[in-house]
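Heads up, work_9.csv below (CSV, C-alpha atoms):
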```
chain,number,residue,atom,x,y,z
V,125,MET,CA,85.4,79.5,109.3
V,126,SER,CA,81.9,81.0,109.2
V,127,HIS,CA,79.4,80.3,106.4
V,128,ALA,CA,77.7,83.6,106.9
V,129,HIS,CA,77.5,85.9,103.9
V,130,HIS,CA,79.2,89.2,104.9
V,131,HIS,CA,79.3,92.5,103.1
V,132,VAL,CA,82.5,94.1,104.2
V,133,ASP,CA,83.8,97.6,103.3
V,134,PRO,CA,86.7,96.6,101.0
V,135,ASP,CA,88.8,99.6,101.9
V,136,ALA,CA,88.2,99.2,105.7
V,137,GLY,CA,91.5,99.5,107.6
V,138,ASP,CA,93.9,99.8,104.7
V,139,GLY,CA,95.5,103.0,106.1
V,140,LYS,CA,95.9,101.5,109.5
V,141,ILE,CA,97.4,98.3,108.1
V,142,ALA,CA,100.0,100.3,106.1
V,143,ILE,CA,101.0,102.1,109.3
V,144,ALA,CA,101.2,98.8,111.2
V,145,VAL,CA,103.6,97.4,108.4
V,146,ALA,CA,105.9,100.4,108.7
V,147,ILE,CA,106.0,100.2,112.5
V,148,ASN,CA,106.7,96.5,112.5
V,149,LEU,CA,109.5,96.9,110.0
V,150,GLY,CA,111.1,99.6,112.1
V,151,LEU,CA,110.8,97.6,115.2
V,152,THR,CA,112.3,94.5,113.6
V,153,VAL,CA,115.5,96.5,112.7
V,154,ALA,CA,115.8,97.9,116.2
V,155,GLN,CA,115.3,94.5,117.8
V,156,ILE,CA,117.9,92.8,115.6
V,157,ILE,CA,120.4,95.5,116.3
V,158,GLY,CA,119.6,95.2,120.1
V,159,GLY,CA,119.9,91.4,120.0
V,160,LEU,CA,123.2,91.4,118.2
V,161,VAL,CA,124.7,94.1,120.6
V,162,SER,CA,123.3,92.4,123.7
V,163,GLY,CA,123.9,88.8,122.6
V,164,SER,CA,120.2,88.0,123.3
V,165,LEU,CA,118.8,85.2,121.2
V,166,SER,CA,115.3,85.7,122.6
V,167,LEU,CA,115.4,89.3,121.4
V,168,ILE,CA,116.4,88.2,117.9
V,169,ALA,CA,113.6,85.6,118.1
V,170,ASP,CA,111.1,88.3,118.9
V,171,ALA,CA,112.5,90.4,116.1
V,172,LEU,CA,112.1,87.5,113.6
V,173,HIS,CA,108.5,87.1,114.8
V,174,ASN,CA,107.9,90.8,114.3
V,175,PHE,CA,109.4,90.6,110.8
V,176,SER,CA,107.1,87.7,109.9
V,177,ASP,CA,104.2,89.9,111.1
V,178,ALA,CA,105.3,92.7,108.8
V,179,ILE,CA,105.6,90.4,105.9
V,180,ALA,CA,102.3,88.8,106.7
V,181,LEU,CA,100.7,92.2,106.7
V,182,ILE,CA,102.3,93.1,103.4
V,183,ILE,CA,101.1,89.9,101.8
V,184,ALA,CA,97.6,90.3,103.3
V,185,PHE,CA,97.4,93.9,102.2
V,186,GLY,CA,98.3,92.9,98.6
V,187,ALA,CA,95.9,90.0,98.7
V,188,ARG,CA,93.1,92.3,99.9
V,189,LYS,CA,93.7,94.5,96.9
V,190,ILE,CA,93.8,91.6,94.4
V,191,ALA,CA,90.7,90.0,96.0
V,192,ARG,CA,88.6,93.1,95.1
V,193,ARG,CA,89.0,92.5,91.4
V,194,PRO,CA,85.8,91.4,89.7
V,195,ALA,CA,85.3,88.0,88.1
V,196,ASN,CA,86.3,87.7,84.5
V,197,GLU,CA,86.6,85.1,81.7
V,198,ASN,CA,89.9,83.8,83.1
V,199,MET,CA,88.9,83.8,86.8
V,200,THR,CA,85.2,83.1,86.7
V,201,PHE,CA,85.0,82.7,90.5
V,202,GLY,CA,86.8,86.0,91.1
V,203,TYR,CA,90.0,86.6,93.1
V,204,GLY,CA,88.6,86.3,96.7
V,205,ARG,CA,90.5,83.1,97.5
V,206,ILE,CA,93.8,84.8,97.1
V,207,GLU,CA,93.5,85.9,100.7
V,208,VAL,CA,93.3,82.3,101.8
V,209,VAL,CA,96.4,81.5,99.7
V,210,ALA,CA,98.2,84.4,101.4
V,211,ALA,CA,97.2,83.1,104.8
V,212,LEU,CA,98.7,79.7,103.9
V,213,ILE,CA,102.0,81.3,102.9
V,214,ASN,CA,102.1,83.3,106.1
V,215,TYR,CA,101.4,80.4,108.4
V,216,THR,CA,103.9,78.1,106.6
V,217,THR,CA,106.6,80.8,107.0
V,218,LEU,CA,105.8,81.1,110.7
V,219,ILE,CA,106.2,77.4,111.2
V,220,MET,CA,109.6,77.5,109.5
V,221,ILE,CA,110.7,80.4,111.7
V,222,GLY,CA,109.4,78.5,114.8
V,223,LEU,CA,111.4,75.4,114.0
V,224,TYR,CA,114.5,77.5,113.3
V,225,LEU,CA,114.2,79.2,116.7
V,226,ILE,CA,113.9,75.9,118.5
V,227,TYR,CA,117.1,74.7,116.9
V,228,GLU,CA,119.0,77.9,117.8
V,229,ALA,CA,117.7,77.8,121.4
V,230,ILE,CA,118.8,74.2,121.9
V,231,VAL,CA,122.3,75.1,120.5
V,232,ARG,CA,122.5,78.1,122.9
V,233,LEU,CA,121.4,75.9,125.9
V,234,TRP,CA,124.4,73.7,125.3
V,235,ASP,CA,126.8,76.7,124.8
V,236,PRO,CA,125.4,79.7,126.7
V,237,SER,CA,126.6,83.2,125.7
V,238,PRO,CA,126.8,86.4,127.7
V,239,VAL,CA,123.7,88.6,127.6
V,240,ALA,CA,123.5,92.3,128.2
V,241,GLY,CA,120.3,92.5,130.3
V,242,TRP,CA,119.7,96.2,130.2
V,243,ILE,CA,119.7,96.4,126.5
V,244,VAL,CA,117.4,93.4,126.3
V,245,ILE,CA,114.9,94.9,128.7
V,246,GLY,CA,114.9,98.4,127.1
V,247,VAL,CA,114.4,97.1,123.5
V,248,ALA,CA,111.8,94.6,124.6
V,249,ALA,CA,109.9,97.2,126.5
V,250,ILE,CA,109.7,99.4,123.4
V,251,ALA,CA,108.7,96.3,121.4
V,252,LEU,CA,105.9,95.6,123.8
V,253,LEU,CA,104.4,99.1,123.3
V,254,VAL,CA,104.7,98.8,119.5
V,255,ASP,CA,103.1,95.3,119.5
V,256,LEU,CA,100.1,96.5,121.5
V,257,GLY,CA,99.8,99.6,119.3
V,258,THR,CA,99.9,97.5,116.1
V,259,ALA,CA,97.3,95.0,117.5
V,260,ALA,CA,95.0,98.0,118.2
V,261,LEU,CA,95.5,99.2,114.6
V,262,THR,CA,94.5,95.9,113.1
V,263,TYR,CA,91.8,94.8,115.5
V,264,LYS,CA,88.8,96.2,113.6
V,265,ALA,CA,90.0,94.8,110.2
V,266,SER,CA,90.8,91.4,111.8
V,267,LYS,CA,87.0,90.8,112.2
V,268,SER,CA,86.5,90.5,108.5
V,269,SER,CA,89.7,88.9,107.1
V,270,VAL,CA,91.5,85.7,107.8
V,271,ASN,CA,94.8,87.4,106.8
V,272,ILE,CA,94.4,90.4,109.0
V,273,ARG,CA,93.1,88.2,111.9
V,274,ALA,CA,96.3,86.2,111.6
V,275,ALA,CA,98.4,89.3,111.7
V,276,PHE,CA,96.4,90.6,114.7
V,277,LEU,CA,96.9,87.4,116.6
V,278,HIS,CA,100.6,87.5,115.7
V,279,ASN,CA,101.0,90.9,117.3
V,280,VAL,CA,99.2,89.7,120.4
V,281,ALA,CA,101.7,86.8,120.5
V,282,ASP,CA,104.5,89.3,119.9
V,283,ALA,CA,103.4,91.3,123.0
V,284,LEU,CA,103.5,88.1,125.0
V,285,GLY,CA,107.0,87.3,123.6
V,286,SER,CA,108.2,90.8,124.6
V,287,VAL,CA,107.0,90.1,128.1
V,288,ALA,CA,109.0,86.9,128.1
V,289,VAL,CA,112.1,88.7,126.8
V,290,ILE,CA,111.8,91.4,129.6
V,291,ILE,CA,111.5,88.7,132.2
V,292,ALA,CA,114.5,86.9,130.8
V,293,GLY,CA,116.6,90.1,130.7
V,294,THR,CA,115.6,90.8,134.3
V,295,LEU,CA,116.7,87.4,135.5
V,296,VAL,CA,120.0,87.7,133.7
V,297,LEU,CA,120.6,91.1,135.4
V,298,LEU,CA,119.6,89.9,138.9
V,299,PHE,CA,121.0,86.4,139.0
V,300,GLY,CA,123.2,86.0,135.9
V,301,TRP,CA,121.0,83.2,134.6
V,302,VAL,CA,122.0,83.3,130.9
V,303,TRP,CA,120.2,80.0,130.3
V,304,VAL,CA,116.9,81.8,130.8
V,305,ASP,CA,117.4,83.6,127.4
V,306,PRO,CA,117.2,80.4,125.3
V,307,ILE,CA,114.4,79.1,127.5
V,308,ALA,CA,112.4,82.2,126.6
V,309,THR,CA,113.2,81.6,123.0
V,310,LEU,CA,111.8,78.1,123.2
V,311,LEU,CA,108.6,79.5,124.7
V,312,ILE,CA,108.3,82.1,121.9
V,313,ALA,CA,108.9,79.4,119.3
V,314,GLY,CA,106.4,77.1,120.9
V,315,TYR,CA,103.8,79.8,120.9
V,316,ILE,CA,104.4,80.5,117.2
V,317,LEU,CA,104.1,76.8,116.3
V,318,TRP,CA,100.9,76.4,118.5
V,319,GLN,CA,99.3,79.5,117.0
V,320,SER,CA,100.1,78.4,113.4
V,321,ALA,CA,98.9,74.8,114.0
V,322,THR,CA,95.7,76.1,115.4
V,323,GLU,CA,94.9,78.5,112.5
V,324,LEU,CA,96.3,76.5,109.6
V,325,PRO,CA,93.6,73.7,109.4
V,326,GLY,CA,90.9,76.3,108.8
V,327,VAL,CA,92.9,77.8,105.9
V,328,VAL,CA,93.5,74.4,104.4
V,329,ARG,CA,89.8,73.5,104.6
V,330,VAL,CA,89.0,76.5,102.3
V,331,LEU,CA,91.6,75.6,99.8
V,332,MET,CA,90.5,71.9,99.8
V,333,LEU,CA,86.9,72.9,99.1
V,334,ALA,CA,85.7,71.4,102.4
V,335,ARG,CA,82.3,72.0,103.8
V,336,PRO,CA,81.8,74.9,106.3
V,337,SER,CA,82.8,73.7,109.7
V,338,ASP,CA,79.4,74.6,111.2
V,339,ILE,CA,77.2,72.9,108.5
V,340,GLU,CA,76.8,69.1,108.4
V,341,THR,CA,76.4,67.9,104.8
V,342,GLU,CA,74.0,65.2,105.9
V,343,ASN,CA,71.8,67.8,107.5
V,344,VAL,CA,71.6,69.8,104.3
V,345,ILE,CA,70.7,66.6,102.3
V,346,GLN,CA,68.0,65.6,104.8
V,347,THR,CA,66.5,69.2,104.8
V,348,MET,CA,66.3,69.0,101.0
V,349,ARG,CA,64.7,65.6,101.0
V,350,LEU,CA,61.9,66.8,103.3
V,351,VAL,CA,60.8,69.5,100.9
V,352,PRO,CA,57.6,68.4,99.1
V,353,GLY,CA,58.2,67.4,95.5
V,354,VAL,CA,61.8,66.0,96.1
V,355,ALA,CA,62.1,62.3,95.2
V,356,GLY,CA,65.8,62.1,95.5
V,357,ILE,CA,69.1,63.9,96.0
V,358,HIS,CA,72.5,63.1,94.5
V,359,HIS,CA,75.8,64.5,93.3
V,360,VAL,CA,75.9,66.9,96.3
V,361,HIS,CA,78.8,69.3,96.7
V,362,LEU,CA,79.0,71.7,99.7
V,363,TRP,CA,82.1,73.9,100.0
V,364,MET,CA,83.5,77.1,101.2
V,365,MET,CA,84.1,79.4,98.2
V,366,GLN,CA,86.4,81.7,100.3
V,367,GLU,CA,86.5,82.9,103.9
V,368,HIS,CA,83.1,84.5,103.7
V,369,GLY,CA,80.6,82.6,101.6
V,370,SER,CA,79.7,79.0,101.0
V,371,ALA,CA,78.2,77.2,98.0
V,372,LEU,CA,76.0,74.2,97.2
V,373,ASP,CA,75.7,72.2,94.0
V,374,ALA,CA,73.3,69.3,93.8
V,375,HIS,CA,71.1,67.2,91.5
V,376,VAL,CA,67.5,67.0,92.6
V,377,VAL,CA,65.1,64.3,91.4
V,378,THR,CA,61.5,65.6,91.3
V,379,ALA,CA,58.4,63.7,92.0
V,380,PRO,CA,55.8,63.4,89.1
V,381,GLY,CA,53.7,66.5,88.5
V,382,THR,CA,56.1,68.8,90.4
V,383,ASP,CA,56.6,72.3,89.1
V,384,HIS,CA,60.4,72.7,88.8
V,385,SER,CA,60.4,76.5,89.2
V,386,ASP,CA,58.4,76.4,92.4
V,387,LEU,CA,60.5,73.5,93.8
V,388,ARG,CA,63.7,75.3,93.0
V,389,LYS,CA,62.4,78.4,94.8
V,390,ALA,CA,61.3,76.4,97.8
V,391,LEU,CA,64.6,74.6,98.1
V,392,LYS,CA,66.7,77.8,97.9
V,393,SER,CA,64.5,79.5,100.4
V,394,LYS,CA,64.7,76.6,102.9
V,395,LEU,CA,68.5,76.3,102.6
V,396,LYS,CA,69.0,80.0,102.9
V,397,ASP,CA,66.8,80.3,106.0
V,398,ARG,CA,68.3,77.2,107.8
V,399,PHE,CA,71.9,77.3,106.7
V,400,ASN,CA,72.4,80.8,105.4
V,401,LEU,CA,73.5,79.5,102.0
V,402,HIS,CA,73.3,82.1,99.3
V,403,HIS,CA,75.2,80.5,96.4
V,404,MET,CA,73.3,77.4,95.1
V,405,THR,CA,73.2,75.6,91.8
V,406,LEU,CA,70.4,73.0,91.6
V,407,GLU,CA,70.0,70.7,88.6
V,408,LEU,CA,66.4,69.3,88.6
V,409,GLU,CA,65.8,65.9,87.0
V,410,THR,CA,62.7,63.7,86.5
V,411,GLU,CA,62.7,60.1,87.6
V,412,ALA,CA,62.8,59.1,84.0
V,413,ASP,CA,66.0,61.1,83.0
V,414,GLN,CA,67.9,61.0,86.3
V,415,CYS,CA,71.5,60.0,86.5
V,416,LYS,CA,72.2,56.3,86.5
V,417,HIS,CA,73.6,54.8,89.8
V,418,PRO,CA,74.7,58.2,91.2
V,419,ALA,CA,76.7,58.9,94.3
V,420,THR,CA,74.8,60.9,97.0
V,421,ILE,CA,77.9,63.0,97.7
V,422,GLY,CA,80.3,64.0,94.9
V,423,HIS,CA,80.5,62.2,91.5
```
Representation of the structure as structure tokens:
Amino acid sequence: MSHAHHHVDPDAGDGKIAIAVAINLGLTVAQIIGGLVSGSLSLIADALHNFSDAIALIIAFGARKIARRPANENMTFGYGRIEVVAALINYTTLIMIGLYLIYEAIVRLWDPSPVAGWIVIGVAAIALLVDLGTAALTYKASKSSVNIRAAFLHNVADALGSVAVIIAGTLVLLFGWVWVDPIATLLIAGYILWQSATELPGVVRVLMLARPSDIETENVIQTMRLVPGVAGIHHVHLWMMQEHGSALDAHVVTAPGTDHSDLRKALKSKLKDRFNLHHMTLELETEADQCKHPATIGH
């Protein structure tokens, strides 16, 4: 999660995202029908992954719309964090799907079922083209949104899953290895879980008001202490407001004779230049009226 302060076109990519949703929903229906007709669990697994992508895009699309609402008396921080909440929902759903697919694959390994290889290959080949096309549609928007980036990565994973399904169908045709189908399902499920486990911590960090991953809190404190006129720092809070934008809140004890206005300007300028922090609330105190026995970090 970057701490950089981005200015993103709020409507960028909306039309392409809507097209991607429609394509993925259509593909999901085709894959489920193909999986049921052919008896291929891996094809159904790929269909469920595609369906989760479509739902993820719908949630992300709605979240982007809500996130554009201005702050008000009820939501004084605005609605930007709704995109992070949507990402949490999407990744949690993916984990549940991945675990379900592992269960189904293990059951199928113990009791293999016939698989119609040609249907599997044909539907998976169409899915591969659609996955690549959807990834291309969401690539640009993925650079500015954790939700769309998740959807983009999902479609890349879908493309890899489609390749695995094609290989499994080919092996069933050539050698009659029906056990390859649940093995391919396990690989798809494993990739889904790995992908979710990789992305989820960053989402949770934002929701838990953690510091930006590329800023050390102690470095911020030391930088502030070195500014002339600073006698002490305490009650420091450094957190990610949402995906793009971090904030700092701190109490600053000033040395005798320090001009508070000049010191505030100097601190904000220093922190902006070094850490690219733009949202800062600094409470300046004198040594006489400073907080009693304060904690350096937090309250």
Do you have, as a Markdown table, the list of residues of segment 157-216 of chain V lying at most 12 Å from segment 356-378 of chain V, each with its nearest atom pair and that distance in Å to one decimal, counting only C-alpha atoms and ordered by chain then number?
```
| residue | atom | partner | partner_atom | distance |
| --- | --- | --- | --- | --- |
| V:Ala191 | CA | V:Gln366 | CA | 10.3 |
| V:Phe201 | CA | V:Met365 | CA | 8.4 |
| V:Gly202 | CA | V:Met365 | CA | 10.1 |
| V:Tyr203 | CA | V:Gln366 | CA | 9.4 |
| V:Gly204 | CA | V:Gln366 | CA | 6.2 |
| V:Arg205 | CA | V:Gln366 | CA | 5.2 |
| V:Ile206 | CA | V:Gln366 | CA | 8.6 |
| V:Glu207 | CA | V:Gln366 | CA | 8.3 |
| V:Val208 | CA | V:Gln366 | CA | 7.1 |
| V:Val209 | CA | V:Gln366 | CA | 10.0 |
| V:Ala211 | CA | V:Glu367 | CA | 10.7 |
```
Could you make a table, as a tab-separated table, of the residues of segment 198-250 of chain V that have an atom within 10 Å of an atom of segment 169-184 of chain V, each with its nearest atom pair and distance in Å to one decimal, counting all atoms listed in the file, in chain and number order?
```
residue	atom	partner	partner_atom	distance
V:Ile206	CA	V:Ala184	CA	9.1
V:Glu207	CA	V:Ala184	CA	6.6
V:Val208	CA	V:Ala184	CA	9.2
V:Val209	CA	V:Ala184	CA	9.6
V:Ala210	CA	V:Ala184	CA	6.2
V:Ala211	CA	V:Ala184	CA	7.4
V:Ile213	CA	V:Ala180	CA	8.4
V:Asn214	CA	V:Ala180	CA	5.5
V:Tyr215	CA	V:Ala180	CA	8.6
V:Thr217	CA	V:Ser176	CA	7.5
V:Leu218	CA	V:Ser176	CA	6.8
V:Ile221	CA	V:Leu172	CA	7.5
V:Gly222	CA	V:His173	CA	8.6
V:Tyr224	CA	V:Ala169	CA	9.5
V:Leu225	CA	V:Ala169	CA	6.6
V:Ile226	CA	V:Ala169	CA	9.7
V:Glu228	CA	V:Ala169	CA	9.4
V:Ala229	CA	V:Ala169	CA	9.4
V:Ala248	CA	V:Asp170	CA	8.5
```
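Between atom CA of Leu223 of chain V and atom CA of Pro236 of chain V the interatomic distance comes to 19.4 Å.
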Of V:Gly186, V:Pro325, V:Pro352, V:Gly314, the one sitting nearest Ile272 of chain V when using all atoms listed in the file is V:Gly186
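Shortest separation to Leu408 of chain V among V:Thr382, V:His423, V:Lys394, V:Arg193 occurs at residue V:Thr382, atoms counted being only C-alpha atoms.
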The distance between atom CA of Tyr227 of chain V and atom CA of Ile291 of chain V is 21.5 Å
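Minimum atom-to-atom distances from V:Met404, V:Leu310, V:Ala283, V:Val351 to Leu165 of chain V were compared using all atoms listed in the file, and the lowest value belongs to V:Leu310.
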- prompt: If we count all atoms listed in the file, what is near Gly353 of chain V at a cut-off of 9 Å, once residues fewer than 3 positions away on the same chain are taken out, given as an MDAnalysis selection string?
  reply: chainID V and resid 349:350 377:384 387
inquiry  = Please list as an MDAnalysis selection string every residue within 8 Å of Val304 of chain V, counting only C-alpha atoms and excluding residues in the same chain fewer than 5 positions away.
reply    = chainID V and resid 292 295:296
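Using only C-alpha atoms, the shortest contact distance between Thr262 of chain V and any of V:Ser164, V:His417, V:Ile143, V:Trp242 is found at V:Ile143.
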Within 8 Å of Arg192 of chain V, counting all atoms listed in the file, which residues show up once you throw out same-chain ones fewer than 2 positions away? Write them as an MDAnalysis selection string, please. chainID V and resid 134 188:190 194 203:204
Pairwise distance, atom CA of Val231 of chain V with atom CA of Gly300 of chain V, equals 18.9 Å
Notebook entry, point to check: With all atoms listed in the file as the basis for distance, which of V:Leu252, V:Ala288, V:Leu212, V:Leu324 is at the shortest distance from Leu151 of chain V?
Noted result: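 Checking each candidate against Leu151 of chain V, we get V:Leu252 as the closest.
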